[in-house]
>>> print(open('model_0.cif').read())   # mmCIF, C-alpha atoms
data_start
#
loop_
_atom_site.group_PDB
_atom_site.id
_atom_site.type_symbol
_atom_site.label_atom_id
_atom_site.label_comp_id
_atom_site.auth_asym_id
_atom_site.auth_seq_id
_atom_site.Cartn_x
_atom_site.Cartn_y
_atom_site.Cartn_z
ATOM 1 C CA MET J 3 -43.726 -48.737 68.296
ATOM 2 C CA PRO J 4 -42.352 -49.762 71.725
ATOM 3 C CA PHE J 5 -44.375 -48.943 74.832
ATOM 4 C CA GLU J 6 -42.967 -45.870 76.557
ATOM 5 C CA LYS J 7 -42.876 -45.929 80.351
ATOM 6 C CA ILE J 8 -43.321 -42.636 82.137
ATOM 7 C CA THR J 9 -41.988 -44.375 85.248
ATOM 8 C CA GLU J 10 -38.623 -44.838 83.502
ATOM 9 C CA GLU J 11 -38.244 -41.289 82.253
ATOM 10 C CA PRO J 12 -35.364 -39.217 83.716
ATOM 11 C CA GLY J 13 -36.116 -37.668 87.083
ATOM 12 C CA ARG J 14 -36.682 -33.925 87.277
ATOM 13 C CA TYR J 15 -33.749 -33.397 89.634
ATOM 14 C CA ARG J 16 -30.125 -33.737 88.561
ATOM 15 C CA HIS J 17 -26.832 -34.283 90.402
ATOM 16 C CA LEU J 18 -28.488 -35.640 93.530
ATOM 17 C CA GLU J 19 -25.073 -36.460 95.000
ATOM 18 C CA LYS J 20 -24.295 -32.735 95.165
ATOM 19 C CA MET J 21 -27.400 -31.891 97.195
ATOM 20 C CA SER J 22 -27.321 -31.373 100.947
ATOM 21 C CA ILE J 23 -29.314 -33.780 103.124
ATOM 22 C CA HIS J 24 -31.899 -31.063 103.662
ATOM 23 C CA GLU J 25 -32.226 -30.490 99.919
ATOM 24 C CA ILE J 26 -32.632 -34.206 99.209
ATOM 25 C CA LEU J 27 -35.313 -34.620 101.859
ATOM 26 C CA THR J 28 -37.152 -31.478 100.792
ATOM 27 C CA ASN J 29 -37.143 -32.467 97.133
ATOM 28 C CA ILE J 30 -38.312 -36.024 97.844
ATOM 29 C CA ASN J 31 -41.127 -34.599 99.948
ATOM 30 C CA HIS J 32 -42.034 -32.189 97.155
ATOM 31 C CA GLU J 33 -42.305 -35.072 94.701
ATOM 32 C CA ASP J 34 -44.306 -37.178 97.156
ATOM 33 C CA LYS J 35 -46.924 -34.437 97.471
ATOM 34 C CA SER J 36 -47.999 -35.146 93.897
ATOM 35 C CA VAL J 37 -48.944 -38.762 94.664
ATOM 36 C CA PRO J 38 -52.309 -38.207 96.445
ATOM 37 C CA VAL J 39 -53.352 -35.881 93.622
ATOM 38 C CA ALA J 40 -52.646 -38.625 91.086
ATOM 39 C CA VAL J 41 -54.575 -41.141 93.197
ATOM 40 C CA GLN J 42 -57.530 -38.765 93.428
ATOM 41 C CA LYS J 43 -57.754 -38.657 89.633
ATOM 42 C CA ALA J 44 -58.005 -42.470 89.604
ATOM 43 C CA ILE J 45 -60.892 -42.690 92.107
ATOM 44 C CA PRO J 46 -63.518 -43.437 89.397
ATOM 45 C CA GLN J 47 -61.411 -46.431 88.301
ATOM 46 C CA ILE J 48 -60.844 -47.542 91.899
ATOM 47 C CA GLU J 49 -64.568 -47.298 92.632
ATOM 48 C CA LYS J 50 -65.439 -49.676 89.801
ATOM 49 C CA LEU J 51 -62.856 -52.200 90.981
ATOM 50 C CA VAL J 52 -63.929 -51.999 94.635
ATOM 51 C CA THR J 53 -67.566 -52.506 93.673
ATOM 52 C CA VAL J 54 -66.880 -55.759 91.866
ATOM 53 C CA VAL J 55 -64.491 -57.035 94.570
ATOM 54 C CA ALA J 56 -67.094 -56.414 97.292
ATOM 55 C CA ASP J 57 -69.782 -58.155 95.237
ATOM 56 C CA LYS J 58 -67.565 -61.190 94.692
ATOM 57 C CA MET J 59 -66.575 -61.415 98.364
ATOM 58 C CA PHE J 60 -70.231 -61.158 99.386
ATOM 59 C CA SER J 61 -70.800 -64.212 97.197
ATOM 60 C CA GLY J 62 -68.010 -66.206 98.829
ATOM 61 C CA GLY J 63 -65.172 -65.246 96.499
ATOM 62 C CA ARG J 64 -61.595 -64.290 97.303
ATOM 63 C CA LEU J 65 -59.265 -61.478 96.306
ATOM 64 C CA PHE J 66 -55.788 -62.189 94.943
ATOM 65 C CA TYR J 67 -52.970 -59.685 94.562
ATOM 66 C CA VAL J 68 -50.247 -60.701 92.104
ATOM 67 C CA GLY J 69 -46.997 -58.779 91.749
ATOM 68 C CA ALA J 70 -43.210 -58.868 91.570
ATOM 69 C CA GLY J 71 -40.593 -57.022 93.602
ATOM 70 C CA THR J 72 -41.904 -53.989 95.467
ATOM 71 C CA SER J 73 -45.359 -54.393 93.933
ATOM 72 C CA GLY J 74 -45.585 -57.996 95.081
ATOM 73 C CA ARG J 75 -44.422 -57.101 98.590
ATOM 74 C CA LEU J 76 -47.033 -54.359 98.851
ATOM 75 C CA GLY J 77 -49.764 -56.825 97.892
ATOM 76 C CA ILE J 78 -48.584 -59.304 100.512
ATOM 77 C CA LEU J 79 -48.443 -56.537 103.124
ATOM 78 C CA ASP J 80 -52.010 -55.471 102.449
ATOM 79 C CA ALA J 81 -53.321 -59.042 102.417
ATOM 80 C CA SER J 82 -51.508 -59.971 105.642
ATOM 81 C CA GLU J 83 -53.034 -57.064 107.563
ATOM 82 C CA ILE J 84 -56.672 -57.936 106.844
ATOM 83 C CA PRO J 85 -57.144 -60.840 109.310
ATOM 84 C CA PRO J 86 -55.777 -59.030 112.398
ATOM 85 C CA THR J 87 -57.395 -55.706 111.523
ATOM 86 C CA TYR J 88 -60.840 -56.934 110.514
ATOM 87 C CA GLY J 89 -61.040 -60.459 111.944
ATOM 88 C CA MET J 90 -61.323 -62.017 108.504
ATOM 89 C CA PRO J 91 -60.200 -65.640 108.050
ATOM 90 C CA TYR J 92 -56.798 -66.113 106.479
ATOM 91 C CA GLY J 93 -57.033 -67.073 102.824
ATOM 92 C CA LEU J 94 -59.762 -64.667 101.705
ATOM 93 C CA ILE J 95 -57.333 -61.976 100.575
ATOM 94 C CA ILE J 96 -54.101 -63.495 99.289
ATOM 95 C CA GLY J 97 -50.877 -61.879 98.143
ATOM 96 C CA ILE J 98 -48.681 -63.719 95.633
ATOM 97 C CA ILE J 99 -45.181 -62.603 94.661
ATOM 98 C CA ALA J 100 -42.963 -63.755 91.799
ATOM 99 C CA GLY J 101 -40.304 -66.018 93.268
ATOM 100 C CA GLY J 102 -42.387 -67.124 96.250
ATOM 101 C CA ASP J 103 -41.729 -66.423 99.918
ATOM 102 C CA GLU J 104 -37.989 -66.031 99.361
ATOM 103 C CA ALA J 105 -38.677 -62.982 97.186
ATOM 104 C CA ILE J 106 -40.377 -61.147 100.056
ATOM 105 C CA GLN J 107 -36.968 -60.288 101.510
ATOM 106 C CA LYS J 108 -34.578 -60.585 98.592
ATOM 107 C CA PRO J 109 -34.733 -60.636 94.778
ATOM 108 C CA VAL J 110 -35.152 -63.959 92.988
ATOM 109 C CA GLU J 111 -33.339 -63.912 89.651
ATOM 110 C CA ASN J 112 -35.589 -63.802 86.560
ATOM 111 C CA ALA J 113 -38.722 -64.623 88.584
ATOM 112 C CA GLU J 114 -40.706 -61.696 87.204
ATOM 113 C CA ASP J 115 -39.806 -62.561 83.594
ATOM 114 C CA ASN J 116 -41.702 -65.873 83.610
ATOM 115 C CA ASN J 117 -44.975 -65.352 81.748
ATOM 116 C CA GLU J 118 -46.428 -68.720 82.836
ATOM 117 C CA GLN J 119 -45.581 -68.857 86.539
ATOM 118 C CA GLY J 120 -48.109 -66.294 87.728
ATOM 119 C CA TRP J 121 -51.022 -68.460 86.647
ATOM 120 C CA LEU J 122 -49.369 -71.616 87.997
ATOM 121 C CA ASP J 123 -49.027 -69.913 91.382
ATOM 122 C CA LEU J 124 -52.707 -68.929 91.297
ATOM 123 C CA GLU J 125 -53.711 -72.512 90.437
ATOM 124 C CA GLU J 126 -52.181 -73.687 93.709
ATOM 125 C CA TYR J 127 -55.093 -71.931 95.421
ATOM 126 C CA SER J 128 -57.731 -73.607 93.237
ATOM 127 C CA ILE J 129 -58.703 -70.212 91.872
ATOM 128 C CA CYS J 130 -62.092 -70.012 90.155
ATOM 129 C CA ASN J 131 -64.501 -67.533 88.600
ATOM 130 C CA LYS J 132 -65.890 -66.577 92.020
ATOM 131 C CA ASP J 133 -62.565 -64.830 92.707
ATOM 132 C CA VAL J 134 -60.935 -61.564 91.594
ATOM 133 C CA VAL J 135 -57.282 -61.137 90.592
ATOM 134 C CA ILE J 136 -55.565 -57.753 90.836
ATOM 135 C CA GLY J 137 -52.194 -57.478 89.134
ATOM 136 C CA ILE J 138 -49.809 -54.898 90.617
ATOM 137 C CA ALA J 139 -46.950 -53.555 88.504
ATOM 138 C CA ALA J 140 -45.710 -49.973 88.409
ATOM 139 C CA SER J 141 -44.366 -50.398 84.871
ATOM 140 C CA GLY J 142 -47.385 -52.316 83.608
ATOM 141 C CA THR J 143 -45.038 -54.588 81.669
ATOM 142 C CA THR J 144 -44.071 -57.340 84.142
ATOM 143 C CA PRO J 145 -44.488 -60.710 82.332
ATOM 144 C CA TYR J 146 -45.264 -62.650 85.537
ATOM 145 C CA VAL J 147 -48.206 -60.347 86.300
ATOM 146 C CA ILE J 148 -49.415 -59.961 82.714
ATOM 147 C CA GLY J 149 -49.434 -63.729 82.238
ATOM 148 C CA ALA J 150 -51.459 -64.208 85.427
ATOM 149 C CA LEU J 151 -54.120 -61.732 84.291
ATOM 150 C CA GLU J 152 -54.200 -62.975 80.717
ATOM 151 C CA LYS J 153 -54.825 -66.567 81.803
ATOM 152 C CA SER J 154 -57.324 -65.482 84.473
ATOM 153 C CA ARG J 155 -59.458 -63.720 81.890
ATOM 154 C CA LYS J 156 -59.404 -66.806 79.683
ATOM 155 C CA GLN J 157 -60.834 -68.692 82.656
ATOM 156 C CA HIS J 158 -63.575 -66.043 83.042
ATOM 157 C CA ILE J 159 -62.065 -64.703 86.265
ATOM 158 C CA ILE J 160 -62.495 -60.960 86.823
ATOM 159 C CA THR J 161 -59.229 -59.025 86.718
ATOM 160 C CA GLY J 162 -58.040 -55.626 87.843
ATOM 161 C CA CYS J 163 -54.669 -53.940 87.976
ATOM 162 C CA ILE J 164 -52.756 -51.127 89.646
ATOM 163 C CA THR J 165 -50.118 -49.520 87.453
ATOM 164 C CA CYS J 166 -48.404 -46.159 87.049
ATOM 165 C CA ASN J 167 -48.165 -45.991 83.263
ATOM 166 C CA PRO J 168 -51.145 -45.194 81.022
ATOM 167 C CA GLY J 169 -52.244 -47.685 78.389
ATOM 168 C CA SER J 170 -49.825 -50.370 79.536
ATOM 169 C CA PRO J 171 -49.876 -54.006 78.385
ATOM 170 C CA LEU J 172 -51.059 -54.948 81.886
ATOM 171 C CA SER J 173 -54.092 -52.652 81.666
ATOM 172 C CA LYS J 174 -55.110 -54.339 78.415
ATOM 173 C CA HIS J 175 -55.565 -57.600 80.322
ATOM 174 C CA ALA J 176 -57.518 -56.018 83.176
ATOM 175 C CA ASP J 177 -61.295 -55.729 83.247
ATOM 176 C CA TYR J 178 -60.905 -52.935 85.779
ATOM 177 C CA PRO J 179 -57.586 -51.124 85.315
ATOM 178 C CA VAL J 180 -56.432 -48.528 87.833
ATOM 179 C CA GLU J 181 -53.783 -46.202 86.396
ATOM 180 C CA VAL J 182 -52.160 -43.762 88.815
ATOM 181 C CA ILE J 183 -49.821 -41.560 86.789
ATOM 182 C CA VAL J 184 -47.256 -40.172 89.233
ATOM 183 C CA GLY J 185 -44.619 -39.263 86.634
ATOM 184 C CA PRO J 186 -40.846 -39.828 86.745
ATOM 185 C CA GLU J 187 -39.245 -40.852 90.030
ATOM 186 C CA PHE J 188 -36.887 -38.688 92.120
ATOM 187 C CA VAL J 189 -34.195 -41.314 91.498
ATOM 188 C CA THR J 190 -34.756 -42.274 87.859
ATOM 189 C CA GLY J 191 -36.599 -45.584 87.562
ATOM 190 C CA SER J 192 -36.800 -46.208 91.326
ATOM 191 C CA THR J 193 -40.460 -47.152 91.370
ATOM 192 C CA ARG J 194 -40.385 -48.135 95.026
ATOM 193 C CA MET J 195 -40.732 -44.379 95.638
ATOM 194 C CA LYS J 196 -43.714 -42.460 94.193
ATOM 195 C CA SER J 197 -45.102 -45.447 92.321
ATOM 196 C CA GLY J 198 -44.838 -47.663 95.391
ATOM 197 C CA THR J 199 -46.487 -45.002 97.527
ATOM 198 C CA ALA J 200 -49.321 -44.691 95.023
ATOM 199 C CA GLN J 201 -49.843 -48.457 94.957
ATOM 200 C CA LYS J 202 -49.928 -48.601 98.766
ATOM 201 C CA LEU J 203 -52.510 -45.811 98.911
ATOM 202 C CA VAL J 204 -54.704 -47.572 96.357
ATOM 203 C CA LEU J 205 -54.391 -50.910 98.148
ATOM 204 C CA ASN J 206 -55.402 -49.214 101.407
ATOM 205 C CA MET J 207 -58.438 -47.777 99.668
ATOM 206 C CA ILE J 208 -59.465 -51.065 98.055
ATOM 207 C CA SER J 209 -59.184 -53.341 101.080
ATOM 208 C CA THR J 210 -60.533 -50.830 103.604
ATOM 209 C CA THR J 211 -63.565 -49.955 101.489
ATOM 210 C CA VAL J 212 -64.299 -53.615 100.790
ATOM 211 C CA MET J 213 -64.123 -54.437 104.508
ATOM 212 C CA ILE J 214 -66.545 -51.609 105.282
ATOM 213 C CA GLN J 215 -68.884 -52.756 102.520
ATOM 214 C CA ILE J 216 -69.038 -56.326 103.788
ATOM 215 C CA GLY J 217 -69.772 -55.248 107.358
ATOM 216 C CA ARG J 218 -66.435 -55.549 109.149
ATOM 217 C CA VAL J 219 -66.564 -51.954 110.478
ATOM 218 C CA GLU J 220 -69.200 -50.265 112.631
ATOM 219 C CA ASP J 221 -69.243 -46.482 112.881
ATOM 220 C CA ASN J 222 -65.491 -45.919 112.404
ATOM 221 C CA LYS J 223 -64.371 -48.776 114.626
ATOM 222 C CA MET J 224 -62.565 -52.070 113.924
ATOM 223 C CA VAL J 225 -65.089 -54.077 115.938
ATOM 224 C CA ASN J 226 -63.833 -57.418 114.578
ATOM 225 C CA MET J 227 -60.090 -56.902 115.135
ATOM 226 C CA GLN J 228 -58.054 -59.743 116.608
ATOM 227 C CA LEU J 229 -56.973 -59.212 120.214
ATOM 228 C CA THR J 230 -53.330 -60.131 119.675
ATOM 229 C CA ASN J 231 -51.593 -57.782 122.111
ATOM 230 C CA SER J 232 -52.149 -55.528 125.126
ATOM 231 C CA LYS J 233 -52.578 -52.402 123.019
ATOM 232 C CA LEU J 234 -55.405 -53.960 121.009
ATOM 233 C CA ILE J 235 -57.067 -55.390 124.110
ATOM 234 C CA ASP J 236 -57.015 -51.944 125.705
ATOM 235 C CA ARG J 237 -58.361 -50.359 122.524
ATOM 236 C CA GLY J 238 -61.090 -52.986 122.286
ATOM 237 C CA THR J 239 -62.049 -52.557 125.935
ATOM 238 C CA LYS J 240 -62.503 -48.812 125.500
ATOM 239 C CA MET J 241 -64.457 -49.371 122.291
ATOM 240 C CA LEU J 242 -66.754 -51.767 124.127
ATOM 241 C CA MET J 243 -67.244 -49.287 126.974
ATOM 242 C CA GLU J 244 -68.187 -46.577 124.508
ATOM 243 C CA LYS J 245 -70.480 -48.867 122.536
ATOM 244 C CA THR J 246 -72.356 -50.233 125.547
ATOM 245 C CA GLY J 247 -72.212 -47.259 127.881
ATOM 246 C CA THR J 248 -70.553 -49.187 130.709
ATOM 247 C CA LYS J 249 -67.991 -47.336 132.827
ATOM 248 C CA ASP J 250 -66.464 -50.463 134.369
ATOM 249 C CA TYR J 251 -63.167 -51.037 132.532
ATOM 250 C CA GLU J 252 -62.388 -54.413 134.090
ATOM 251 C CA LYS J 253 -65.871 -55.764 133.424
ATOM 252 C CA ALA J 254 -65.673 -54.639 129.794
ATOM 253 C CA LYS J 255 -62.228 -56.192 129.430
ATOM 254 C CA THR J 256 -63.439 -59.492 130.877
ATOM 255 C CA LEU J 257 -66.356 -59.590 128.444
ATOM 256 C CA LEU J 258 -64.122 -58.682 125.547
ATOM 257 C CA LEU J 259 -61.667 -61.476 126.274
ATOM 258 C CA LYS J 260 -64.489 -63.949 126.834
ATOM 259 C CA TYR J 261 -66.203 -63.277 123.506
ATOM 260 C CA GLY J 262 -63.098 -62.477 121.461
ATOM 261 C CA SER J 263 -64.234 -59.306 119.695
ATOM 262 C CA VAL J 264 -65.917 -55.994 120.394
ATOM 263 C CA LYS J 265 -68.800 -56.938 118.109
ATOM 264 C CA LYS J 266 -69.591 -60.235 119.851
ATOM 265 C CA ALA J 267 -69.167 -58.794 123.335
ATOM 266 C CA ALA J 268 -71.444 -55.854 122.488
ATOM 267 C CA GLU J 269 -74.087 -58.225 121.141
ATOM 268 C CA PHE J 270 -73.970 -60.111 124.452
ATOM 269 C CA VAL J 271 -74.483 -56.915 126.429
ATOM 270 C CA THR J 272 -77.279 -55.757 124.107
ATOM 271 C CA ARG J 273 -79.143 -59.025 124.516
ATOM 272 C CA GLY J 274 -78.807 -58.652 128.288
ATOM 273 C CA LEU J 275 -77.632 -62.210 128.701
#
>>> encode(input="model_0.cif", output="structure tokens")
Amino acid sequence: MPFEKITEEPGRYRHLEKMSIHEILTNINHEDKSVPVAVQKAIPQIEKLVTVVADKMFSGGRLFYVGAGTSGRLGILDASEIPPTYGMPYGLIIGIIAGGDEAIQKPVENAEDNNEQGWLDLEEYSICNKDVVIGIAASGTTPYVIGALEKSRKQHIITGCITCNPGSPLSKHADYPVEVIVGPEFVTGSTRMKSGTAQKLVLNMISTTVMIQIGRVEDNKMVNMQLTNSKLIDRGTKMLMEKTGTKDYEKAKTLLLKYGSVKKAAEFVTRGL
């Protein structure tokens, strides 16, 4: 019996072209409200995956996201934001998309249908059993992603997945599957909508919680963020003032720029050097 995808079922709304702009926006918003509820139901699954990712990263491992199309782009987005936000070295959380860098901006024909290429792309990073691979696919049937997880498990590499269909082929190859069942899309089959939103929420939860667990956040502050623009320097200066109790903005800014992060500058002040 063929696998049935809830994500491909007909949308609940018909004749969208006859709706007013207000009706379209209101109905999309109504559908989107169901996404956080679906994510909440998956928290026990997410917790198990986060726990193992944090443990592996504590031990020097890396996290890989593997996806195609929208799913692949979301993985790359999440991975690319970790170094500037948390001061982590590049290459510890890595996003891989079917079709390579070209596919970030435009589709690459048949890239997601290659069952072997996902693993070959992972091998370029000398992946090993210290790492974790999370496959992202709304449908749960993308050959590129399934092949990557299947081969990873054969190499005793821990696998997880984020999908929006229950009991999918992808989940069967994941040690820690996360299934967020958001139902049919507003535009039938357009999984960049609710499914994509669900995947982004889950990715936010995974990477943020892992960063907190491995000590990259203090209180609720990004004390290791990279100082890449004026806004972040100003934010960091005020964080340092709050953390150390100093009221001298320029002095705090000078220390921040000298030591490169709120955490290091605060340690200097605390030591009284």
>>> residues_around(input="model_0.cif", residues="range 214-228 of chain J", least_positions_apart="3", cutoff="6 Å", atoms="only C-alpha atoms", output="PyMOL selection string")
chain J and resi 86-89+211+263-265
>>> residues_near_point(input="model_0.cif", point="(-44.3, -63.1, 90.7)", cutoff="6 Å", atoms="only C-alpha atoms", output="PyMOL selection string")
chain J and resi 69-70+99-101+114+120+146
>>> resolve_selection(input="model_0.cif", expression="the PyMOL selection byres ((chain J and resi 201) around 12)", output="PyMOL selection string")
chain J and resi 37-38+40-41+44+48+67+69+72-77+79-80+136-141+163-166+180-184+193-200+202-208
>>> resolve_selection(input="model_0.cif", expression="the PyMOL selection byres ((chain J and resi 143) around 8)", output="PDB file with C-alpha atoms, keeping the file's coordinate frame")
ATOM      1  CA  ALA J 139     -46.950 -53.555  88.504  1.00  0.00           C
ATOM      2  CA  SER J 141     -44.366 -50.398  84.871  1.00  0.00           C
ATOM      3  CA  GLY J 142     -47.385 -52.316  83.608  1.00  0.00           C
ATOM      4  CA  THR J 144     -44.071 -57.340  84.142  1.00  0.00           C
ATOM      5  CA  PRO J 145     -44.488 -60.710  82.332  1.00  0.00           C
ATOM      6  CA  ILE J 148     -49.415 -59.961  82.714  1.00  0.00           C
ATOM      7  CA  SER J 170     -49.825 -50.370  79.536  1.00  0.00           C
ATOM      8  CA  PRO J 171     -49.876 -54.006  78.385  1.00  0.00           C
ATOM      9  CA  LEU J 172     -51.059 -54.948  81.886  1.00  0.00           C
TER      10      LEU J 172
END
>>> atom_distance(input="model_0.cif", atom1="CA of Ile96 in chain J", atom2="CA of Glu83 in chain J")
10.5 Å
>>> residues_near_point(input="model_0.cif", point="(-43.0, -65.4, 76.5)", cutoff="9 Å", atoms="all atoms listed in the file", output="ChimeraX atom specification")
/J:115-118,145,149
>>> resolve_selection(input="model_0.cif", expression="the PyMOL selection byres ((chain J and resi 13) around 9)", output="list in words")
Glu10, Glu11, Pro12, Arg14, Tyr15, Arg16, Gly185, Pro186, Glu187, Phe188, Val189, Thr190 and Gly191 of chain J
>>> atom_distance(input="model_0.cif", atom1="CA of Gly247 in chain J", atom2="CA of Ala268 in chain J")
10.2 Å
>>> atom_distance(input="model_0.cif", atom1="CA of Asp236 in chain J", atom2="CA of Tyr261 in chain J")
14.8 Å
>>> residues_around(input="model_0.cif", residues="Lys253 in chain J", least_positions_apart="3", cutoff="12 Å", atoms="only C-alpha atoms", output="VMD selection string")
chain J and resid 239 to 240 242 to 243 246 to 250 256 to 260 267 271
>>> closest_residue(input="model_0.cif", among="J:Pro4, J:Pro109, J:Gly262, J:Gly162", to="Tyr178 in chain J", atoms="all atoms listed in the file")
J:Gly162
>>> closest_residue(input="model_0.cif", among="J:Val68, J:Glu244, J:Met59, J:Cys130", to="Gly102 in chain J", atoms="all atoms listed in the file")
J:Val68
>>> closest_residue(input="model_0.cif", among="J:Lys233, J:Lys58, J:Arg64, J:His158", to="Leu94 in chain J", atoms="all atoms listed in the file")
J:Arg64
